[in-house]
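For reference, the structure discussed in these notes is given below.
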Amino acid sequence: MSLRILHFSDVHLPLPPGAWRSPEALHPKRIAARLNFILRRGNKYTESLQKLNGLNEFLRREPVDYLLYTGDTLNFGLVREFMDAAPRVAETLTLARQGALAVPGNHDLYTGASPAHYERHFGPHSASDLPEAATSTGYPIVRWMGPEAAAIAINSSRPNFNFWNSSGHVPAAELEALGQLLARPEIANRRHVFLLTHYPFDEAGFFHGLRNARALLKTLQGHKNLILLHGHNHRAYTYFLPNSPVPLYCAGSLSKRDAESFWLFDLFGGVLNPRRGVWRNARFTLVE
């Protein structure tokens with residue numbers, strides 16, 4: 001069996017005109033975050049739409065079987081952002097030959113009103129092939145990828161009131177369901193199981209990381225067929241979990257200036273060949 005799978009994250013598409021002309025823009029979190037965006041972050045993502053179009057061009061040039069997306073399409077979770085940006089990323093997800101799986105980032109679930117908007121736009125790419133394994137939150141989500149591979153998504157993002165609190169948390173019920181899912185023969189007997197979420201699996205920082213990272217890692221212990229995928233950190237990297245054969249890949253940001261990246265995985269039987277996509281000469285290309 002051979003498969004080609006691409007993982008990308010943190011697109012942060014620009015705000016459409018008039019996005020701030022609505023009452024929801026007056027949410028205290030958004031007022032403070034907008035100032036931070038103007039002074040610190042915004043100039044790094046001015047060409048994000050160009051980078052997303054560059055990914056589309058790459059996918060037409062180098063077709064993939066599956067796309068795995070770990071969120072942060074937006075910046076402030078505004079309705080106008082959802083209406084403009086979400087369909088663009090959803091269109092990208094349709095370019096995979098066999099299917100796609102998406103999870104939200106913290107900027108997608110910015111306030112309490114955001115989850116409903118996210119589900120409306122990304123629901124088709126968040127449906128599970130094993131719905132009975134999900135909790136009342138809709139997670140974990142399972143996507144079969146042939147007889148030897150699968151993808152599982154868990155949701156670590158949640159609305160936080162303060163803009164400076166960008167921490168994540170996997171609900172206890174999802175962790176319990178994930179442990180049961182990983183023990184099922186149809187998962188345990190697969191050679192490759194991609195586990196994806198927005199937040200880093202092993203960073204437990206109180207204001208920026210995954211607050212229950214230790215509990216998540218404990219749930220994963222002993223499952224050697226896993227490949228961990230996440231975003232949130234806007235730099236690409238990979239390493240093995242300590243004392244484990246399980247690799248972890250952070251996609252970084254697809255669109256951050258001078259740090260654009262994604263991961264491409266070619267599966268040949270039991271062999272996993274990862275390569276990183278980088279932005280060079282106004283197009284994405286692969287490096288070993």
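Each chain of the structure tokens is named A, B, ... in the order shown, its residues numbered from 1; ligands are numbered from 1 in display order.
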
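The protein and nucleic acid residues lying at most 6 Å from Asp72 of chain A are Asp10, His12, Gly105, His107 and Asp108 of chain A, with only C-alpha atoms considered and sequence neighbours fewer than 3 positions away removed.
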
For the interface of segment 229-271 of chain A with segment 155-170 of chain A (cut-off 12 Å, counting only C-alpha atoms), please tabulate each contacting residue of segment 229-271 of chain A alongside its nearest pair of atoms and their separation in Å to one decimal, rows sorted by chain and increasing number, as CSV.
residue,atom,partner,partner_atom,distance
A:His230,CA,A:Ser156,CA,10.2
A:Gly231,CA,A:Ser156,CA,11.1
A:His232,CA,A:Ser166,CA,9.5
A:Asn233,CA,A:Ser166,CA,11.4

Can you tell me, as a PyMOL selection string, which residues in segment 64-164 of chain A count as alpha helix (DSSP H) by DSSP?
chain A and resi 79-93+114-122

Those selected residues, please, written with N, CA and C atoms and delivered as a short mmCIF file (atom, residue, chain, number, x, y, z; two decimals), in the first residue's frame.
data_model
loop_
_atom_site.label_atom_id
_atom_site.label_comp_id
_atom_site.auth_asym_id
_atom_site.auth_seq_id
_atom_site.Cartn_x
_atom_site.Cartn_y
_atom_site.Cartn_z
N VAL A 79 -17.68 36.55 12.57
CA VAL A 79 -18.58 35.92 11.60
C VAL A 79 -18.13 36.23 10.18
N ARG A 80 -17.74 37.48 9.92
CA ARG A 80 -17.29 37.84 8.57
C ARG A 80 -16.03 37.07 8.20
N GLU A 81 -15.17 36.79 9.16
CA GLU A 81 -14.00 35.96 8.89
C GLU A 81 -14.42 34.56 8.47
N PHE A 82 -15.33 33.97 9.23
CA PHE A 82 -15.82 32.64 8.88
C PHE A 82 -16.40 32.64 7.47
N MET A 83 -17.18 33.63 7.14
CA MET A 83 -17.85 33.68 5.85
C MET A 83 -16.87 33.81 4.70
N ASP A 84 -15.77 34.52 4.93
CA ASP A 84 -14.80 34.77 3.85
C ASP A 84 -13.68 33.74 3.82
N ALA A 85 -13.11 33.43 4.98
CA ALA A 85 -11.91 32.60 5.03
C ALA A 85 -12.20 31.11 5.04
N ALA A 86 -13.21 30.70 5.82
CA ALA A 86 -13.47 29.26 5.95
C ALA A 86 -13.75 28.58 4.62
N PRO A 87 -14.56 29.17 3.72
CA PRO A 87 -14.77 28.51 2.43
C PRO A 87 -13.50 28.36 1.61
N ARG A 88 -12.55 29.27 1.78
CA ARG A 88 -11.29 29.16 1.04
C ARG A 88 -10.49 27.93 1.49
N VAL A 89 -10.38 27.74 2.80
CA VAL A 89 -9.66 26.57 3.30
C VAL A 89 -10.44 25.30 3.01
N ALA A 90 -11.77 25.36 3.14
CA ALA A 90 -12.59 24.18 2.83
C ALA A 90 -12.40 23.77 1.37
N GLU A 91 -12.24 24.75 0.48
CA GLU A 91 -11.99 24.43 -0.93
C GLU A 91 -10.65 23.72 -1.08
N THR A 92 -9.65 24.17 -0.34
CA THR A 92 -8.35 23.50 -0.38
C THR A 92 -8.48 22.04 0.06
N LEU A 93 -9.27 21.80 1.09
CA LEU A 93 -9.42 20.44 1.60
C LEU A 93 -10.06 19.51 0.58
N SER A 114 -18.22 30.88 18.67
CA SER A 114 -17.44 30.38 17.53
C SER A 114 -17.68 28.91 17.17
N PRO A 115 -17.85 27.99 18.12
CA PRO A 115 -18.00 26.58 17.74
C PRO A 115 -19.12 26.32 16.75
N ALA A 116 -20.25 27.01 16.88
CA ALA A 116 -21.36 26.79 15.95
C ALA A 116 -20.98 27.24 14.55
N HIS A 117 -20.27 28.36 14.44
CA HIS A 117 -19.83 28.82 13.12
C HIS A 117 -18.82 27.86 12.52
N TYR A 118 -17.92 27.35 13.35
CA TYR A 118 -16.92 26.39 12.85
C TYR A 118 -17.60 25.15 12.31
N GLU A 119 -18.54 24.60 13.04
CA GLU A 119 -19.23 23.39 12.61
C GLU A 119 -19.97 23.62 11.31
N ARG A 120 -20.54 24.80 11.14
CA ARG A 120 -21.28 25.10 9.92
C ARG A 120 -20.37 25.05 8.69
N HIS A 121 -19.14 25.52 8.83
CA HIS A 121 -18.25 25.61 7.68
C HIS A 121 -17.36 24.38 7.50
N PHE A 122 -16.97 23.74 8.60
CA PHE A 122 -16.02 22.63 8.50
C PHE A 122 -16.63 21.28 8.85
#

Do you know which residues are at most 12 Å from Leu228 of chain A counting only C-alpha atoms, after dropping those on the same chain fewer than 4 positions away, and could you put them as a ChimeraX atom specification?
/A:7,68,70,151-154,192-202,216-217,220,223-224,237-241,245-251,263

File dump, residues just selected, N, CA and C atoms, as a short mmCIF file (atom, residue, chain, number, x, y, z; two decimals), in the first residue's frame:
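File selection.cif, as written:
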data_model
loop_
_atom_site.label_atom_id
_atom_site.label_comp_id
_atom_site.auth_asym_id
_atom_site.auth_seq_id
_atom_site.Cartn_x
_atom_site.Cartn_y
_atom_site.Cartn_z
N HIS A 7 0.03 17.43 5.76
CA HIS A 7 -0.42 18.07 7.00
C HIS A 7 -0.03 19.55 6.97
N LEU A 68 -4.64 16.62 6.12
CA LEU A 68 -4.90 16.70 7.56
C LEU A 68 -4.58 18.13 7.99
N THR A 70 -4.73 21.12 11.00
CA THR A 70 -4.82 21.30 12.45
C THR A 70 -5.17 22.73 12.86
N ALA A 151 -6.48 8.02 10.52
CA ALA A 151 -6.25 9.29 11.19
C ALA A 151 -7.29 9.46 12.29
N ILE A 152 -6.86 9.96 13.43
CA ILE A 152 -7.75 10.23 14.55
C ILE A 152 -7.56 11.69 14.96
N ALA A 153 -8.65 12.42 15.11
CA ALA A 153 -8.59 13.82 15.52
C ALA A 153 -9.21 13.98 16.90
N ILE A 154 -8.53 14.73 17.76
CA ILE A 154 -9.10 15.14 19.04
C ILE A 154 -9.07 16.66 19.10
N HIS A 192 0.09 2.53 10.61
CA HIS A 192 0.26 3.97 10.81
C HIS A 192 -1.06 4.57 11.28
N VAL A 193 -1.04 5.22 12.44
CA VAL A 193 -2.21 5.94 12.95
C VAL A 193 -1.79 7.38 13.22
N PHE A 194 -2.26 8.29 12.38
CA PHE A 194 -1.97 9.71 12.54
C PHE A 194 -2.94 10.29 13.57
N LEU A 195 -2.40 10.84 14.64
CA LEU A 195 -3.22 11.46 15.68
C LEU A 195 -2.99 12.96 15.61
N LEU A 196 -4.06 13.72 15.35
CA LEU A 196 -3.89 15.15 15.15
C LEU A 196 -4.75 15.97 16.09
N THR A 197 -4.19 17.10 16.49
CA THR A 197 -4.89 18.10 17.28
C THR A 197 -4.15 19.41 17.09
N HIS A 198 -4.75 20.51 17.55
CA HIS A 198 -4.10 21.81 17.30
C HIS A 198 -2.90 22.04 18.21
N TYR A 199 -3.04 21.73 19.48
CA TYR A 199 -2.00 22.08 20.45
C TYR A 199 -0.88 21.04 20.49
N PRO A 200 0.35 21.47 20.83
CA PRO A 200 1.44 20.52 20.99
C PRO A 200 1.12 19.48 22.06
N PHE A 201 1.44 18.25 21.77
CA PHE A 201 1.11 17.14 22.67
C PHE A 201 1.89 17.21 23.99
N ASP A 202 3.07 17.78 23.96
CA ASP A 202 3.96 17.67 25.12
C ASP A 202 4.39 19.02 25.68
N LEU A 216 -2.63 13.46 28.44
CA LEU A 216 -2.72 12.99 27.05
C LEU A 216 -1.57 12.04 26.74
N LEU A 217 -0.36 12.40 27.11
CA LEU A 217 0.79 11.53 26.84
C LEU A 217 0.65 10.19 27.57
N LEU A 220 -1.39 7.89 25.59
CA LEU A 220 -0.73 7.40 24.38
C LEU A 220 0.34 6.35 24.66
N HIS A 223 1.42 2.74 22.67
CA HIS A 223 0.88 2.65 21.31
C HIS A 223 1.95 3.12 20.33
N LYS A 224 2.66 2.16 19.76
CA LYS A 224 3.85 2.46 18.98
C LYS A 224 3.57 2.74 17.51
N TYR A 237 8.90 21.62 13.08
CA TYR A 237 9.94 20.80 13.71
C TYR A 237 9.43 19.38 13.83
N THR A 238 10.34 18.48 14.13
CA THR A 238 9.99 17.08 14.37
C THR A 238 10.99 16.47 15.34
N TYR A 239 10.52 15.54 16.15
CA TYR A 239 11.38 14.77 17.03
C TYR A 239 10.58 13.57 17.54
N PHE A 240 11.26 12.65 18.20
CA PHE A 240 10.59 11.51 18.81
C PHE A 240 10.26 11.84 20.27
N LEU A 241 9.12 11.36 20.73
CA LEU A 241 8.82 11.50 22.15
C LEU A 241 9.90 10.80 22.97
N PRO A 245 9.31 5.27 20.27
CA PRO A 245 9.50 5.28 18.82
C PRO A 245 8.50 6.17 18.11
N VAL A 246 7.66 6.90 18.87
CA VAL A 246 6.58 7.69 18.28
C VAL A 246 7.11 9.06 17.85
N PRO A 247 7.00 9.40 16.56
CA PRO A 247 7.45 10.71 16.09
C PRO A 247 6.37 11.77 16.24
N LEU A 248 6.80 13.00 16.42
CA LEU A 248 5.91 14.15 16.51
C LEU A 248 6.31 15.15 15.43
N TYR A 249 5.32 15.69 14.73
CA TYR A 249 5.56 16.68 13.68
C TYR A 249 4.70 17.91 13.93
N CYS A 250 5.34 19.05 14.05
CA CYS A 250 4.62 20.32 14.08
C CYS A 250 4.69 20.92 12.68
N ALA A 251 3.53 21.24 12.11
CA ALA A 251 3.51 21.79 10.75
C ALA A 251 3.99 23.23 10.70
N TRP A 263 4.04 19.58 6.17
CA TRP A 263 4.69 18.27 6.10
C TRP A 263 3.97 17.39 5.07
#

Can you check which residues of segment 27-146 of chain A DSSP gives as strand (DSSP E) on the backbone and send them as JSON, numbers by chain?
{"A": [66, 67, 68, 69, 99, 100, 101, 102, 141, 142, 143, 144]}

Please build the interface table for segment 22-103 of chain A against segment 136-148 of chain A with a cut-off of 9 Å, listing for each qualifying residue the nearest atom pair and the distance in Å to one decimal; count only C-alpha atoms, order rows by chain and increasing number, and write it as JSON lines.
{"residue": "A:Asp65", "atom": "CA", "partner": "A:Met145", "partner_atom": "CA", "distance": 8.7}
{"residue": "A:Tyr66", "atom": "CA", "partner": "A:Met145", "partner_atom": "CA", "distance": 8.0}
{"residue": "A:Gln98", "atom": "CA", "partner": "A:Met145", "partner_atom": "CA", "distance": 8.3}
{"residue": "A:Gly99", "atom": "CA", "partner": "A:Arg143", "partner_atom": "CA", "distance": 8.6}
{"residue": "A:Ala100", "atom": "CA", "partner": "A:Arg143", "partner_atom": "CA", "distance": 8.4}
{"residue": "A:Leu101", "atom": "CA", "partner": "A:Arg143", "partner_atom": "CA", "distance": 7.3}

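Residue nearest Tyr110 of chain A, chosen from A:Gly77, A:Pro274, A:Gly209, A:Gly123 and counting only C-alpha atoms: A:Gly77.
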
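Considering only C-alpha atoms, the residue among A:Ser9, A:Gly179, A:Leu264, A:Arg60 positioned nearest to Pro104 of chain A is A:Ser9.
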
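Residue nearest Leu272 of chain A, chosen from A:Leu181, A:Ala215, A:Leu49, A:Ile5 and counting only C-alpha atoms: A:Ile5.
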
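What separates atom CA of Gly222 of chain A from atom CA of Ser244 of chain A is a distance of 8.6 Å.
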
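The residue that comes closest to Thr135 of chain A, out of A:Ala177, A:Ala96, A:Val103, A:Ala204 and on the basis of only C-alpha atoms, is A:Ala177.
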
List the spatial neighbours of Arg97 of chain A as an NGL selection string - criterion: any atom at most 10 Å away, only C-alpha atoms, same-chain residues fewer than 5 positions off excluded.
:A and (4 or 59 or 63-67)

Non-local contacts of Glu260 of chain A (10 Å; only C-alpha atoms; under 5 positions in same chain excluded) as a VMD selection string
chain A and resid 8 10 to 11 48 51 234 to 236 251 to 255 277 to 280 284

May I have the selected residues written with C-alpha atoms, as a PDB file, in the first residue's frame?
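Generated output (part_33.pdb):
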ATOM      1  CA  PHE A   8      -0.748  21.855   7.235  1.00  0.00           C
ATOM      2  CA  ASP A  10      -2.176  27.957  11.044  1.00  0.00           C
ATOM      3  CA  VAL A  11      -3.139  29.730   7.824  1.00  0.00           C
ATOM      4  CA  SER A  48      -1.443  34.438   3.813  1.00  0.00           C
ATOM      5  CA  LYS A  51       0.405  31.139   0.506  1.00  0.00           C
ATOM      6  CA  HIS A 234       4.515  28.821  14.103  1.00  0.00           C
ATOM      7  CA  ARG A 235       7.727  26.992  13.351  1.00  0.00           C
ATOM      8  CA  ALA A 236       8.076  23.531  11.838  1.00  0.00           C
ATOM      9  CA  ALA A 251       3.512  21.786  10.749  1.00  0.00           C
ATOM     10  CA  GLY A 252       4.326  25.329  11.810  1.00  0.00           C
ATOM     11  CA  SER A 253       2.403  28.006   9.931  1.00  0.00           C
ATOM     12  CA  LEU A 254       1.536  27.726   6.258  1.00  0.00           C
ATOM     13  CA  SER A 255       1.622  31.501   5.890  1.00  0.00           C
ATOM     14  CA  GLY A 277       7.267  21.892   2.233  1.00  0.00           C
ATOM     15  CA  VAL A 278       8.835  25.375   2.177  1.00  0.00           C
ATOM     16  CA  TRP A 279       8.083  28.607   0.320  1.00  0.00           C
ATOM     17  CA  ARG A 280      10.751  29.508  -2.220  1.00  0.00           C
ATOM     18  CA  PHE A 284       5.952  25.697  -2.340  1.00  0.00           C
TER      19      PHE A 284
END

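Taking atom CA of Ala134 of chain A as the reference point, atom CA of Arg184 of chain A is found at 13.4 Å.
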
Separating atom CA of Pro124 of chain A from atom CA of Gly71 of chain A, to the nearest tenth of an Å, is a gap of 14.7 Å

Just the residues within 10 Å of Ala25 of chain A, please, counting only C-alpha atoms, with nothing from its chain fewer than 2 positions along; format it as a ChimeraX atom specification.
/A:19-23,27-31,34,76-79

Output for the residues just chosen: N, CA and C atoms as an mmCIF file, in the first residue's frame:
data_model
loop_
_atom_site.group_PDB
_atom_site.id
_atom_site.type_symbol
_atom_site.label_atom_id
_atom_site.label_comp_id
_atom_site.auth_asym_id
_atom_site.auth_seq_id
_atom_site.Cartn_x
_atom_site.Cartn_y
_atom_site.Cartn_z
ATOM 1 N N ALA A 19 -14.956 43.720 8.469
ATOM 2 C CA ALA A 19 -15.103 42.674 9.486
ATOM 3 C C ALA A 19 -15.283 43.253 10.886
ATOM 4 N N TRP A 20 -14.727 44.437 11.123
ATOM 5 C CA TRP A 20 -14.804 45.029 12.458
ATOM 6 C C TRP A 20 -16.072 45.844 12.673
ATOM 7 N N ARG A 21 -16.879 45.986 11.640
ATOM 8 C CA ARG A 21 -18.092 46.809 11.772
ATOM 9 C C ARG A 21 -19.275 45.972 12.227
ATOM 10 N N SER A 22 -19.143 45.381 13.373
ATOM 11 C CA SER A 22 -20.231 44.579 13.932
ATOM 12 C C SER A 22 -20.102 44.588 15.449
ATOM 13 N N PRO A 23 -21.206 44.397 16.164
ATOM 14 C CA PRO A 23 -21.148 44.421 17.634
ATOM 15 C C PRO A 23 -20.201 43.388 18.222
ATOM 16 N N HIS A 27 -16.241 42.688 21.670
ATOM 17 C CA HIS A 27 -15.911 41.743 22.740
ATOM 18 C C HIS A 27 -14.564 42.154 23.348
ATOM 19 N N PRO A 28 -14.457 42.229 24.677
ATOM 20 C CA PRO A 28 -13.205 42.696 25.299
ATOM 21 C C PRO A 28 -11.971 41.942 24.821
ATOM 22 N N LYS A 29 -12.095 40.662 24.607
ATOM 23 C CA LYS A 29 -10.951 39.878 24.141
ATOM 24 C C LYS A 29 -10.481 40.370 22.781
ATOM 25 N N ARG A 30 -11.432 40.695 21.900
ATOM 26 C CA ARG A 30 -11.068 41.105 20.543
ATOM 27 C C ARG A 30 -10.457 42.503 20.522
ATOM 28 N N ILE A 31 -10.920 43.393 21.384
ATOM 29 C CA ILE A 31 -10.365 44.743 21.414
ATOM 30 C C ILE A 31 -8.884 44.694 21.776
ATOM 31 N N ARG A 34 -6.846 42.844 19.021
ATOM 32 C CA ARG A 34 -6.648 43.620 17.792
ATOM 33 C C ARG A 34 -5.439 44.530 17.925
ATOM 34 N N PHE A 76 -9.585 36.200 14.613
ATOM 35 C CA PHE A 76 -10.410 36.680 15.718
ATOM 36 C C PHE A 76 -11.758 35.972 15.830
ATOM 37 N N GLY A 77 -12.022 34.999 15.013
ATOM 38 C CA GLY A 77 -13.274 34.254 15.106
ATOM 39 C C GLY A 77 -14.513 35.069 14.797
ATOM 40 N N LEU A 78 -14.384 36.126 13.993
ATOM 41 C CA LEU A 78 -15.524 36.956 13.614
ATOM 42 C C LEU A 78 -16.381 36.254 12.574
ATOM 43 N N VAL A 79 -17.676 36.551 12.572
ATOM 44 C CA VAL A 79 -18.576 35.925 11.600
ATOM 45 C C VAL A 79 -18.128 36.233 10.176
#
